[in-house]
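final_28.cif follows (mmCIF, C-alpha atoms):
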```cif
data_target
loop_
_atom_site.label_atom_id
_atom_site.label_comp_id
_atom_site.auth_asym_id
_atom_site.auth_seq_id
_atom_site.Cartn_x
_atom_site.Cartn_y
_atom_site.Cartn_z
CA MET A 1 -0.12 -44.65 -28.39
CA SER A 2 2.91 -42.43 -28.21
CA TYR A 3 3.31 -38.76 -29.03
CA VAL A 4 3.18 -37.92 -32.73
CA HIS A 5 6.53 -36.09 -32.63
CA PRO A 6 8.34 -37.51 -29.60
CA GLU A 7 11.63 -36.10 -30.95
CA TYR A 8 10.60 -32.67 -29.64
CA LEU A 9 10.90 -33.91 -26.05
CA VAL A 10 14.00 -34.99 -24.16
CA ASP A 11 14.21 -36.23 -20.58
CA THR A 12 16.44 -35.00 -17.76
CA GLU A 13 18.82 -37.93 -18.25
CA TRP A 14 19.39 -36.97 -21.90
CA VAL A 15 20.14 -33.39 -20.88
CA ALA A 16 22.57 -34.52 -18.17
CA ALA A 17 24.39 -36.63 -20.76
CA HIS A 18 24.59 -33.77 -23.28
CA SER A 19 25.53 -30.84 -21.05
CA ASN A 20 28.96 -30.64 -22.73
CA ASP A 21 27.86 -31.56 -26.22
CA PRO A 22 29.00 -28.75 -28.58
CA ASP A 23 26.08 -29.49 -30.93
CA VAL A 24 23.56 -28.96 -28.14
CA ARG A 25 22.68 -25.73 -26.38
CA ILE A 26 20.63 -25.90 -23.19
CA ILE A 27 18.56 -22.78 -22.58
CA GLU A 28 16.74 -21.89 -19.37
CA SER A 29 13.66 -19.67 -19.78
CA ASP A 30 11.75 -18.87 -16.60
CA GLU A 31 8.90 -16.82 -15.31
CA ASP A 32 11.18 -15.59 -12.52
CA PRO A 33 14.17 -13.88 -14.18
CA LEU A 34 16.50 -14.42 -11.20
CA LEU A 35 16.12 -18.20 -10.94
CA TYR A 36 18.87 -18.87 -13.47
CA ALA A 37 21.34 -16.80 -11.47
CA MET A 38 20.43 -18.65 -8.27
CA GLY A 39 21.46 -21.95 -9.92
CA HIS A 40 20.90 -23.71 -13.25
CA ILE A 41 21.67 -26.91 -15.13
CA PRO A 42 25.43 -27.20 -15.82
CA GLY A 43 26.20 -25.80 -19.26
CA ALA A 44 22.87 -23.95 -19.57
CA VAL A 45 22.52 -20.35 -20.75
CA GLN A 46 19.60 -18.02 -20.05
CA VAL A 47 17.04 -16.37 -22.28
CA ASP A 48 14.60 -14.06 -20.52
CA TRP A 49 11.12 -13.97 -22.07
CA PHE A 50 10.89 -10.25 -21.46
CA SER A 51 14.29 -8.58 -21.57
CA THR A 52 15.74 -10.89 -24.24
CA LEU A 53 12.80 -11.78 -26.43
CA GLN A 54 10.61 -8.66 -26.49
CA HIS A 55 10.99 -5.56 -28.61
CA PRO A 56 12.29 -2.74 -26.39
CA LEU A 57 9.57 -0.29 -27.49
CA ARG A 58 6.65 -1.90 -29.31
CA ARG A 59 4.51 -4.73 -28.04
CA ASP A 60 6.15 -7.32 -30.25
CA PHE A 61 9.08 -9.70 -30.30
CA LEU A 62 12.62 -8.62 -30.96
CA THR A 63 13.52 -7.97 -34.58
CA LYS A 64 15.04 -10.62 -36.82
CA GLU A 65 18.42 -8.81 -36.67
CA LYS A 66 18.30 -8.66 -32.89
CA PHE A 67 17.34 -12.34 -32.74
CA GLU A 68 20.37 -13.18 -34.88
CA GLU A 69 22.54 -11.24 -32.44
CA VAL A 70 21.05 -13.06 -29.42
CA ALA A 71 21.52 -16.49 -31.02
CA SER A 72 25.07 -15.65 -32.19
CA ASN A 73 26.07 -14.48 -28.71
CA LEU A 74 24.85 -17.78 -27.27
CA GLY A 75 27.10 -19.64 -29.72
CA ILE A 76 24.14 -21.12 -31.58
CA ASN A 77 24.44 -22.00 -35.23
CA ASN A 78 21.63 -22.96 -37.56
CA ALA A 79 22.14 -26.69 -36.90
CA THR A 80 22.41 -26.53 -33.10
CA THR A 81 19.96 -28.66 -31.15
CA ILE A 82 18.39 -26.34 -28.60
CA VAL A 83 16.82 -27.75 -25.45
CA PHE A 84 14.58 -25.42 -23.49
CA TYR A 85 13.60 -25.88 -19.86
CA GLY A 86 12.30 -23.66 -17.09
CA ASP A 87 10.09 -23.11 -14.06
CA LYS A 88 6.27 -23.27 -13.87
CA SER A 89 5.93 -26.54 -15.84
CA ASN A 90 7.93 -25.11 -18.74
CA TRP A 91 5.54 -22.25 -19.59
CA PHE A 92 8.26 -19.90 -20.57
CA ALA A 93 10.43 -22.67 -21.99
CA CYS A 94 7.60 -23.33 -24.47
CA TYR A 95 7.26 -19.60 -25.08
CA ALA A 96 10.98 -19.30 -25.92
CA LEU A 97 10.82 -22.41 -28.12
CA TRP A 98 7.86 -20.93 -29.99
CA ILE A 99 9.74 -17.67 -30.64
CA PHE A 100 12.86 -19.57 -31.79
CA GLN A 101 10.62 -21.43 -34.22
CA TYR A 102 9.05 -18.15 -35.28
CA PHE A 103 12.50 -17.11 -36.45
CA GLY A 104 12.99 -20.41 -38.23
CA HIS A 105 15.05 -22.52 -35.81
CA GLN A 106 13.70 -26.03 -36.38
CA ASN A 107 15.93 -28.13 -34.17
CA VAL A 108 14.31 -27.51 -30.79
CA ARG A 109 13.35 -29.65 -27.79
CA ILE A 110 11.67 -29.27 -24.41
CA MET A 111 13.18 -30.98 -21.38
CA ASN A 112 10.16 -32.82 -20.01
CA GLY A 113 9.45 -31.81 -16.41
CA GLY A 114 11.61 -28.68 -16.48
CA ARG A 115 13.36 -27.32 -13.40
CA LEU A 116 10.99 -29.08 -11.02
CA LYS A 117 11.82 -32.59 -12.23
CA TRP A 118 15.56 -31.86 -12.40
CA GLU A 119 15.39 -30.66 -8.80
CA GLN A 120 13.24 -33.60 -7.65
CA GLU A 121 15.84 -36.00 -9.03
CA GLY A 122 18.54 -34.33 -6.97
CA ARG A 123 20.49 -33.27 -10.04
CA PRO A 124 23.02 -30.44 -9.70
CA PHE A 125 22.39 -26.72 -10.08
CA VAL A 126 25.44 -24.50 -10.69
CA LYS A 127 26.06 -20.78 -10.82
CA ASP A 128 28.81 -20.79 -13.48
CA VAL A 129 27.64 -18.99 -16.59
CA PRO A 130 29.18 -20.71 -19.63
CA THR A 131 30.41 -18.68 -22.57
CA PHE A 132 30.56 -19.89 -26.14
CA GLU A 133 32.41 -18.72 -29.17
CA LYS A 134 30.30 -16.23 -31.09
CA THR A 135 28.66 -17.51 -34.26
CA SER A 136 27.02 -15.69 -37.13
CA TYR A 137 23.48 -16.99 -36.93
CA LYS A 138 21.14 -16.43 -39.86
CA ALA A 139 17.47 -16.23 -38.92
CA LYS A 140 14.58 -16.79 -41.33
CA ASP A 141 11.77 -14.33 -41.86
CA PRO A 142 9.13 -14.69 -39.14
CA ASP A 143 6.97 -17.80 -39.60
CA LYS A 144 3.48 -16.34 -39.47
CA SER A 145 1.97 -19.82 -39.75
CA ILE A 146 2.44 -20.33 -35.99
CA ARG A 147 1.42 -16.85 -34.80
CA ALA A 148 -2.12 -15.47 -34.96
CA PHE A 149 -2.96 -11.77 -35.12
CA ARG A 150 -6.25 -10.17 -34.07
CA GLU A 151 -7.89 -9.98 -37.51
CA GLU A 152 -7.32 -13.68 -37.96
CA VAL A 153 -8.69 -14.43 -34.52
CA LEU A 154 -11.84 -12.44 -35.32
CA GLU A 155 -12.20 -14.42 -38.56
CA GLN A 156 -11.65 -17.69 -36.65
CA SER A 157 -14.31 -16.72 -34.13
CA SER A 158 -16.90 -15.56 -36.66
CA SER A 159 -16.40 -18.63 -38.85
CA LYS A 160 -16.82 -20.82 -35.75
CA LYS A 161 -13.44 -22.51 -36.06
CA PRO A 162 -11.74 -23.88 -32.94
CA LEU A 163 -10.33 -21.44 -30.40
CA VAL A 164 -8.81 -22.73 -27.17
CA ASP A 165 -8.84 -20.47 -24.13
CA VAL A 166 -6.17 -21.91 -21.84
CA ARG A 167 -6.66 -19.48 -18.96
CA SER A 168 -8.08 -20.43 -15.58
CA PRO A 169 -11.86 -21.07 -15.40
CA LYS A 170 -12.48 -17.75 -13.64
CA GLU A 171 -10.65 -15.79 -16.32
CA TYR A 172 -12.67 -17.60 -18.98
CA SER A 173 -15.96 -16.80 -17.25
CA GLY A 174 -14.94 -13.16 -16.92
CA GLU A 175 -15.01 -13.19 -13.12
CA LEU A 176 -11.29 -12.39 -13.15
CA ILE A 177 -9.32 -10.44 -15.74
CA SER A 178 -5.96 -11.92 -14.78
CA MET A 179 -4.88 -15.20 -13.19
CA PRO A 180 -6.01 -15.87 -9.65
CA ASN A 181 -3.40 -14.25 -7.38
CA TYR A 182 -2.12 -12.04 -10.18
CA PRO A 183 -2.77 -8.31 -10.41
CA GLN A 184 -6.30 -7.73 -11.73
CA GLU A 185 -5.47 -5.35 -14.50
CA GLY A 186 -4.29 -5.40 -18.05
CA ALA A 187 -7.71 -5.60 -19.72
CA GLN A 188 -10.77 -3.35 -19.70
CA ARG A 189 -13.24 -6.19 -20.12
CA GLY A 190 -13.52 -9.77 -18.84
CA GLY A 191 -14.83 -12.86 -20.61
CA HIS A 192 -13.63 -14.86 -23.59
CA ILE A 193 -13.53 -14.76 -27.38
CA PRO A 194 -16.91 -15.98 -28.72
CA GLY A 195 -16.81 -19.68 -29.50
CA ALA A 196 -13.62 -20.39 -27.53
CA VAL A 197 -13.63 -23.53 -25.41
CA SER A 198 -12.02 -23.56 -22.00
CA ILE A 199 -9.15 -26.04 -21.58
CA PRO A 200 -6.82 -24.66 -18.92
CA TRP A 201 -3.17 -25.22 -19.89
CA SER A 202 -2.42 -26.99 -16.62
CA GLN A 203 -4.62 -29.94 -17.60
CA ALA A 204 -1.90 -30.91 -20.09
CA VAL A 205 0.77 -31.46 -17.42
CA ASN A 206 1.15 -33.77 -14.44
CA GLU A 207 1.16 -31.60 -11.35
CA ALA A 208 3.50 -33.93 -9.45
CA ASP A 209 6.56 -33.54 -11.68
CA SER A 210 5.60 -31.02 -14.41
CA THR A 211 5.90 -33.62 -17.16
CA PHE A 212 3.38 -33.71 -20.01
CA LYS A 213 0.45 -36.08 -19.72
CA SER A 214 0.34 -39.19 -21.89
CA SER A 215 -0.73 -38.91 -25.48
CA ASP A 216 -3.98 -40.81 -24.73
CA ASP A 217 -4.85 -38.43 -21.92
CA LEU A 218 -4.01 -35.40 -24.05
CA ARG A 219 -6.01 -36.64 -26.99
CA ALA A 220 -9.01 -37.35 -24.76
CA LEU A 221 -8.67 -33.89 -23.20
CA TYR A 222 -8.64 -31.88 -26.44
CA GLU A 223 -10.79 -34.09 -28.66
CA GLY A 224 -13.28 -34.36 -25.82
CA LYS A 225 -13.77 -30.60 -26.10
CA GLY A 226 -14.04 -30.68 -29.88
CA ILE A 227 -10.47 -29.56 -30.61
CA LYS A 228 -9.46 -31.96 -33.39
CA SER A 229 -6.51 -32.23 -35.72
CA ASP A 230 -8.52 -31.76 -38.94
CA SER A 231 -9.09 -28.06 -38.36
CA ASP A 232 -7.04 -24.91 -37.85
CA VAL A 233 -6.69 -24.20 -34.14
CA ILE A 234 -5.79 -20.97 -32.33
CA ALA A 235 -4.79 -20.97 -28.66
CA TYR A 236 -4.67 -17.90 -26.44
CA CYS A 237 -4.29 -16.89 -22.80
CA ARG A 238 -3.44 -13.52 -21.21
CA ILE A 239 -0.14 -12.63 -22.90
CA GLY A 240 0.55 -15.78 -24.92
CA GLU A 241 2.87 -17.55 -22.51
CA ARG A 242 0.55 -20.23 -21.11
CA SER A 243 -0.92 -20.79 -24.58
CA SER A 244 2.52 -21.45 -26.05
CA LEU A 245 2.59 -24.56 -23.85
CA THR A 246 -0.78 -25.62 -25.28
CA TRP A 247 0.50 -24.78 -28.76
CA PHE A 248 3.50 -27.10 -28.17
CA VAL A 249 1.24 -29.90 -26.95
CA LEU A 250 -1.17 -29.65 -29.89
CA LYS A 251 1.50 -29.19 -32.56
CA TYR A 252 4.16 -31.66 -31.48
CA LEU A 253 2.80 -34.07 -28.90
CA LEU A 254 -0.54 -34.54 -30.71
CA GLY A 255 0.71 -33.60 -34.19
CA TYR A 256 -2.05 -31.16 -35.21
CA PRO A 257 -0.87 -29.66 -38.51
CA ASN A 258 -2.24 -26.12 -38.17
CA VAL A 259 -1.97 -24.57 -34.72
CA LYS A 260 -1.31 -20.92 -33.97
CA ASN A 261 -0.61 -19.08 -30.77
CA TYR A 262 -2.38 -15.73 -30.38
CA ASP A 263 0.14 -13.83 -28.25
CA GLY A 264 -1.96 -10.66 -28.19
CA SER A 265 -4.31 -12.82 -26.11
CA TRP A 266 -6.65 -11.36 -23.54
CA THR A 267 -4.52 -8.29 -22.81
CA GLU A 268 -5.18 -7.30 -26.43
CA TRP A 269 -8.69 -8.70 -26.98
CA GLY A 270 -10.08 -7.43 -23.68
CA ASN A 271 -8.90 -3.92 -24.57
CA LEU A 272 -9.83 -3.95 -28.25
CA VAL A 273 -12.61 -1.51 -29.13
CA ASP A 274 -15.55 -3.24 -30.81
CA ALA A 275 -14.22 -6.77 -30.33
CA PRO A 276 -16.97 -9.31 -29.60
CA ILE A 277 -16.89 -10.90 -26.17
CA GLU A 278 -18.80 -13.78 -24.66
CA LYS A 279 -19.31 -14.32 -20.95
CA MET B 1 8.28 14.19 4.01
CA PRO B 2 11.62 12.37 3.64
CA LEU B 3 11.73 8.59 3.40
CA PRO B 4 13.01 6.55 6.36
CA PRO B 5 16.85 6.70 6.10
CA ASN B 6 17.44 3.00 5.36
CA LEU B 7 14.83 3.01 2.62
CA GLN B 8 16.17 6.28 1.18
CA GLU B 9 19.63 4.75 0.98
CA ILE B 10 18.32 1.75 -0.98
CA VAL B 11 16.36 4.02 -3.33
CA ASP B 12 19.43 6.21 -3.95
CA ASP B 13 21.63 3.16 -4.59
CA PHE B 14 19.24 1.74 -7.16
CA ALA B 15 18.74 5.10 -8.86
CA THR B 16 22.34 5.10 -10.12
CA MET B 17 22.71 1.39 -10.94
CA THR B 18 22.91 -0.21 -14.38
CA ARG B 19 20.40 -2.93 -15.24
CA GLU B 20 23.02 -5.61 -14.52
CA ASP B 21 23.82 -4.08 -11.11
CA LYS B 22 20.13 -3.97 -10.28
CA LEU B 23 19.74 -7.65 -11.09
CA GLU B 24 22.83 -8.56 -9.07
CA THR B 25 21.63 -6.51 -6.12
CA LEU B 26 18.22 -8.18 -6.29
CA ILE B 27 19.97 -11.56 -6.29
CA ALA B 28 21.99 -10.52 -3.22
CA TYR B 29 18.77 -9.48 -1.47
CA ALA B 30 17.12 -12.78 -2.46
CA GLU B 31 20.11 -14.71 -1.12
CA SER B 32 19.98 -12.87 2.20
CA PHE B 33 16.23 -13.54 2.52
CA PRO B 34 15.82 -14.79 6.11
CA PRO B 35 14.07 -18.09 6.83
CA LEU B 36 10.70 -17.92 8.52
CA PRO B 37 11.22 -18.10 12.30
CA ASP B 38 10.06 -21.35 13.90
CA TRP B 39 7.35 -19.69 15.97
CA LEU B 40 5.70 -18.37 12.80
CA ARG B 41 6.14 -21.61 10.89
CA GLU B 42 3.40 -23.10 13.07
CA GLU B 43 1.12 -20.10 12.63
CA ARG B 44 1.10 -19.44 8.91
CA ASP B 45 -2.67 -18.83 9.11
CA LYS B 46 -2.03 -15.68 11.14
CA MET B 47 0.13 -14.26 8.37
CA GLU B 48 -1.38 -11.80 5.93
CA PRO B 49 -1.62 -13.03 2.32
CA VAL B 50 -0.56 -10.71 -0.51
CA PRO B 51 -2.87 -11.64 -3.40
CA GLU B 52 -1.33 -8.99 -5.68
CA CYS B 53 1.80 -11.11 -5.99
CA MET B 54 2.43 -13.73 -8.67
CA THR B 55 3.57 -16.13 -5.96
CA PRO B 56 2.00 -17.25 -2.70
CA VAL B 57 3.32 -14.53 -0.39
CA ARG B 58 2.43 -14.12 3.27
CA LEU B 59 3.78 -11.56 5.71
CA PHE B 60 3.60 -10.85 9.41
CA GLY B 61 4.51 -7.70 11.35
CA GLU B 62 6.05 -8.60 14.71
CA LYS B 63 5.61 -5.89 17.33
CA LEU B 64 8.93 -5.11 19.04
CA PRO B 65 9.16 -3.97 22.69
CA ASP B 66 9.91 -0.38 21.60
CA GLY B 67 6.76 -0.24 19.47
CA GLY B 68 8.60 -0.79 16.19
CA ILE B 69 7.68 -3.52 13.72
CA LYS B 70 9.78 -6.34 12.32
CA PHE B 71 8.42 -7.97 9.17
CA HIS B 72 8.60 -11.69 8.43
CA PHE B 73 7.86 -13.19 5.03
CA ASP B 74 6.91 -16.61 3.77
CA ILE B 75 7.86 -16.82 0.07
CA PRO B 76 8.89 -20.00 -1.80
CA PRO B 77 12.56 -20.30 -2.83
CA GLN B 78 11.42 -20.85 -6.45
CA SER B 79 10.55 -17.14 -6.54
CA PRO B 80 13.84 -15.33 -5.92
CA THR B 81 12.67 -12.08 -7.51
CA VAL B 82 9.76 -11.80 -5.10
CA ARG B 83 12.04 -12.74 -2.21
CA GLY B 84 14.51 -10.04 -3.30
CA LEU B 85 11.83 -7.37 -3.55
CA ALA B 86 10.35 -8.27 -0.14
CA SER B 87 13.87 -8.21 1.31
CA ILE B 88 14.34 -4.67 0.05
CA LEU B 89 11.18 -3.53 1.81
CA ALA B 90 12.12 -5.38 5.01
CA ASN B 91 15.61 -3.85 4.99
CA GLY B 92 14.16 -0.41 4.40
CA LEU B 93 11.37 -0.56 6.96
CA ASN B 94 12.20 -3.08 9.71
CA GLY B 95 12.27 -1.60 13.19
CA LEU B 96 10.29 1.48 12.25
CA LYS B 97 7.17 2.62 14.11
CA PRO B 98 3.78 2.02 12.43
CA GLU B 99 3.31 5.76 11.74
CA GLU B 100 6.65 5.88 9.92
CA ILE B 101 5.72 2.86 7.81
CA LEU B 102 2.33 4.38 6.96
CA SER B 103 4.01 7.60 5.83
CA VAL B 104 5.94 5.89 2.99
CA PRO B 105 4.34 7.01 -0.31
CA ALA B 106 3.01 4.16 -2.47
CA ASP B 107 5.18 5.37 -5.37
CA PHE B 108 8.40 5.84 -3.36
CA PHE B 109 10.24 3.38 -5.64
CA LEU B 110 9.83 5.30 -8.89
CA PRO B 111 13.38 6.79 -8.77
CA MET B 112 14.74 3.21 -8.48
CA LYS B 113 13.70 2.60 -12.11
CA LEU B 114 12.95 -1.04 -11.36
CA GLU B 115 11.37 -1.40 -14.79
CA ASP B 116 14.92 -1.61 -16.19
CA ALA B 117 15.24 -5.00 -14.55
CA ILE B 118 11.77 -6.45 -13.94
CA THR B 119 8.36 -6.44 -15.61
CA HIS B 120 5.47 -4.19 -14.63
CA GLN B 121 3.57 -7.19 -13.33
CA ARG B 122 6.27 -7.67 -10.73
CA ILE B 123 6.32 -4.01 -9.83
CA ASN B 124 2.59 -4.34 -9.14
CA GLY B 125 3.41 -7.21 -6.80
CA PHE B 126 6.03 -5.06 -5.09
CA MET B 127 3.42 -2.32 -4.53
CA GLY B 128 1.07 -4.98 -3.20
CA VAL B 129 3.63 -6.13 -0.64
CA LEU B 130 4.11 -2.54 0.58
CA ALA B 131 0.35 -2.04 0.84
CA HIS B 132 0.00 -5.16 2.97
CA MET B 133 2.96 -4.13 5.16
CA LYS B 134 1.12 -0.87 5.77
CA HIS B 135 -2.03 -2.78 6.58
CA ALA B 136 -0.09 -4.84 9.12
CA ALA B 137 1.35 -1.60 10.56
CA LEU B 138 -2.15 -0.13 10.86
CA GLN B 139 -3.42 -3.23 12.63
CA SER B 140 -0.51 -3.01 15.03
CA MET B 141 -1.24 0.65 15.69
CA GLU B 142 -4.86 -0.20 16.44
CA GLY B 143 -3.70 -2.90 18.82
CA LYS B 144 -5.11 -5.74 16.74
CA THR B 145 -1.94 -7.82 16.61
#
```
Can you give me the file's structure in the form of structure tokens?
Amino acid sequence: MSYVHPEYLVDTEWVAAHSNDPDVRIIESDEDPLLYAMGHIPGAVQVDWFSTLQHPLRRDFLTKEKFEEVASNLGINNATTIVFYGDKSNWFACYALWIFQYFGHQNVRIMNGGRLKWEQEGRPFVKDVPTFEKTSYKAKDPDKSIRAFREEVLEQSSSKKPLVDVRSPKEYSGELISMPNYPQEGAQRGGHIPGAVSIPWSQAVNEADSTFKSSDDLRALYEGKGIKSDSDVIAYCRIGERSSLTWFVLKYLLGYPNVKNYDGSWTEWGNLVDAPIEK
Amino acid sequence: MPLPPNLQEIVDDFATMTREDKLETLIAYAESFPPLPDWLREERDKMEPVPECMTPVRLFGEKLPDGGIKFHFDIPPQSPTVRGLASILANGLNGLKPEEILSVPADFFLPMKLEDAITHQRINGFMGVLAHMKHAALQSMEGKT
């Protein structure tokens, strides 16, 4: 069986063939903000998950107006096909794609395998930063159907609907508050949201080349843990970046109709006064 | 107590830079990141891990004949930001005596306003690298390396 929406994935060969296509914009989004400058796919521009996509003051994404400015400066119009790729098995590529969808851009893709696969295939990395003629992009109002807020997560938990905790097993158990090897701060309490099942994000990708696992493997993985397509699903992690990869997998590769990413994630829940926690 | 002169110079430079200049300077530091010397390549186990970092980082303080310390780092090329930050510390502290390294305040970098260019998570990693450099300096002082 193939993916339910295979059109949301492109391979490295497709990207190589479309690097000069004016209807396609290739966007690199990495965990490490300097990687793009060290070398990127020819024709690719950069979006940084933090400095580009976050609000400068509040803990939130950039405003709709600011998003329009970012997209216009990258020469994107409302019909442009945007392909995202990045480091770390496309974590932050999925995060950027999710935020572009949040502002209503429908025509988005992930380059399967990301930077790792491109590099493994010996394809070129360049330092030239392309510029495009400025457009006047019109964003839609934020699509709240793909983003969960804390009240909704509490409701999901108390009504025993599916929650997927995609963090590492030790974060789920509460032994660690952040990822192994990451600074252990950012939350006052460890554990997980009551009722959440643990399905670490990395189980959805092949370690060897960062590509997504087959649809059969993915279906077995999530359905095996009781995460099925006939229910609303909310995924979360620490800040919402790893869970945006899981969100992408559930929504597009497996075709679940109602999936939300809770970007407040553990750095909100683990600090929230009176929030229920399970260990 | 003043900072070691090389480190002070780096701090002063950063203090006046725009965000773009900071990023470019970090890239330059990442590009000048020296490869791990062959003799250490075989002895990675002896190197001190820095678990505060987002990336697998190891460091080693080589004792020089004059009692100074030269730091070596093992950081993957896929993590240029971490390489750049480690390079800054190496450029600021290499060759100094253990006591001088131990005297650097943990918050020496605040005037650099690194938060203009990188996230707080990374700044935590940067502090972690300094802490482990100090630990290596202390070990050297106590004759353990």
Matched chain/residue IDs from the PyMOL selection byres ((chain B and resi 68) around 6), as a PDB file with C-alpha atoms, keeping the file's coordinate frame:
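Result file selection_21.pdb:
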```
ATOM      1  CA  LEU B  64       8.930  -5.110  19.040  1.00  0.00           C
ATOM      2  CA  ASP B  66       9.910  -0.380  21.600  1.00  0.00           C
ATOM      3  CA  GLY B  67       6.760  -0.240  19.470  1.00  0.00           C
ATOM      4  CA  ILE B  69       7.680  -3.520  13.720  1.00  0.00           C
ATOM      5  CA  GLY B  95      12.270  -1.600  13.190  1.00  0.00           C
ATOM      6  CA  LEU B  96      10.290   1.480  12.250  1.00  0.00           C
ATOM      7  CA  LYS B  97       7.170   2.620  14.110  1.00  0.00           C
TER       8      LYS B  97
END
```
Please identify all residues of chain B having at least one atom at most 12 Å from any atom of chain A, considering all atoms listed in the file, and return them as a PyMOL selection string.
chain B and resi 19-20+22-32+49-57+76-85+115-129
Taking all atoms listed in the file into account, which of A:Glu28, A:Asp48, A:Glu155, A:Asp141 comes nearest Gly114 of chain A?
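Once distances to Gly114 of chain A are computed over all atoms listed in the file, the minimum belongs to A:Glu28.
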Care to translate the PyMOL selection byres ((chain B and resi 9-17) around 7) into actual residues of this file, as a PyMOL selection string?
chain B and resi 5-8+18-19+21-22+109+111-113
Hey, can you spit out that residue selection with C-alpha atoms as an mmCIF file, in the coordinates of the input?
```cif
data_model
loop_
_atom_site.group_PDB
_atom_site.id
_atom_site.type_symbol
_atom_site.label_atom_id
_atom_site.label_comp_id
_atom_site.auth_asym_id
_atom_site.auth_seq_id
_atom_site.Cartn_x
_atom_site.Cartn_y
_atom_site.Cartn_z
ATOM 1 C CA PRO B 5 16.850 6.700 6.100
ATOM 2 C CA ASN B 6 17.440 3.000 5.360
ATOM 3 C CA LEU B 7 14.830 3.010 2.620
ATOM 4 C CA GLN B 8 16.170 6.280 1.180
ATOM 5 C CA THR B 18 22.910 -0.210 -14.380
ATOM 6 C CA ARG B 19 20.400 -2.930 -15.240
ATOM 7 C CA ASP B 21 23.820 -4.080 -11.110
ATOM 8 C CA LYS B 22 20.130 -3.970 -10.280
ATOM 9 C CA PHE B 109 10.240 3.380 -5.640
ATOM 10 C CA PRO B 111 13.380 6.790 -8.770
ATOM 11 C CA MET B 112 14.740 3.210 -8.480
ATOM 12 C CA LYS B 113 13.700 2.600 -12.110
#
```
Quick one: everything within 9 Å of His72 of chain B, counting only C-alpha atoms, minus sequence neighbours fewer than 4 positions away in the same chain. Send it as number ranges by chain.
B: 34-37, 40, 47, 58-62, 90
With N, CA and C atoms as the goal, would you fill in the gaps in segment 226-240 of chain A and present it as a PDB file, keeping the file's coordinate frame?
```
ATOM      1  N   GLY A 226     -13.798 -31.038 -28.478  1.00  0.00           N
ATOM      2  CA  GLY A 226     -14.040 -30.680 -29.880  1.00  0.00           C
ATOM      3  C   GLY A 226     -12.844 -30.060 -30.591  1.00  0.00           C
ATOM      4  N   ILE A 227     -11.668 -30.114 -29.973  1.00  0.00           N
ATOM      5  CA  ILE A 227     -10.470 -29.560 -30.610  1.00  0.00           C
ATOM      6  C   ILE A 227      -9.757 -30.707 -31.327  1.00  0.00           C
ATOM      7  N   LYS A 228      -9.970 -30.805 -32.639  1.00  0.00           N
ATOM      8  CA  LYS A 228      -9.460 -31.960 -33.390  1.00  0.00           C
ATOM      9  C   LYS A 228      -8.414 -31.533 -34.398  1.00  0.00           C
ATOM     10  N   SER A 229      -7.668 -32.532 -34.872  1.00  0.00           N
ATOM     11  CA  SER A 229      -6.510 -32.230 -35.720  1.00  0.00           C
ATOM     12  C   SER A 229      -6.888 -31.810 -37.138  1.00  0.00           C
ATOM     13  N   ASP A 230      -8.155 -32.048 -37.552  1.00  0.00           N
ATOM     14  CA  ASP A 230      -8.520 -31.760 -38.940  1.00  0.00           C
ATOM     15  C   ASP A 230      -8.927 -30.310 -39.177  1.00  0.00           C
ATOM     16  N   SER A 231      -8.705 -29.450 -38.167  1.00  0.00           N
ATOM     17  CA  SER A 231      -9.090 -28.060 -38.360  1.00  0.00           C
ATOM     18  C   SER A 231      -7.961 -27.143 -37.898  1.00  0.00           C
ATOM     19  N   ASP A 232      -7.991 -25.887 -38.358  1.00  0.00           N
ATOM     20  CA  ASP A 232      -7.040 -24.910 -37.850  1.00  0.00           C
ATOM     21  C   ASP A 232      -7.420 -24.602 -36.405  1.00  0.00           C
ATOM     22  N   VAL A 233      -6.417 -24.486 -35.557  1.00  0.00           N
ATOM     23  CA  VAL A 233      -6.690 -24.200 -34.140  1.00  0.00           C
ATOM     24  C   VAL A 233      -5.900 -22.972 -33.726  1.00  0.00           C
ATOM     25  N   ILE A 234      -6.522 -22.099 -32.925  1.00  0.00           N
ATOM     26  CA  ILE A 234      -5.790 -20.970 -32.330  1.00  0.00           C
ATOM     27  C   ILE A 234      -5.925 -21.066 -30.814  1.00  0.00           C
ATOM     28  N   ALA A 235      -4.784 -20.949 -30.124  1.00  0.00           N
ATOM     29  CA  ALA A 235      -4.790 -20.970 -28.660  1.00  0.00           C
ATOM     30  C   ALA A 235      -4.418 -19.579 -28.148  1.00  0.00           C
ATOM     31  N   TYR A 236      -5.026 -19.194 -27.027  1.00  0.00           N
ATOM     32  CA  TYR A 236      -4.670 -17.900 -26.440  1.00  0.00           C
ATOM     33  C   TYR A 236      -4.785 -17.965 -24.926  1.00  0.00           C
ATOM     34  N   CYS A 237      -4.152 -16.994 -24.251  1.00  0.00           N
ATOM     35  CA  CYS A 237      -4.290 -16.890 -22.800  1.00  0.00           C
ATOM     36  C   CYS A 237      -4.353 -15.419 -22.428  1.00  0.00           C
ATOM     37  N   ARG A 238      -3.427 -14.931 -21.598  1.00  0.00           N
ATOM     38  CA  ARG A 238      -3.440 -13.520 -21.210  1.00  0.00           C
ATOM     39  C   ARG A 238      -2.401 -12.743 -22.007  1.00  0.00           C
ATOM     40  N   ILE A 239      -1.178 -13.288 -22.099  1.00  0.00           N
ATOM     41  CA  ILE A 239      -0.140 -12.630 -22.900  1.00  0.00           C
ATOM     42  C   ILE A 239       0.519 -13.609 -23.874  1.00  0.00           C
ATOM     43  N   GLY A 240       0.016 -14.825 -23.954  1.00  0.00           N
ATOM     44  CA  GLY A 240       0.550 -15.780 -24.920  1.00  0.00           C
ATOM     45  C   GLY A 240       1.598 -16.729 -24.375  1.00  0.00           C
TER      46      GLY A 240
END
```
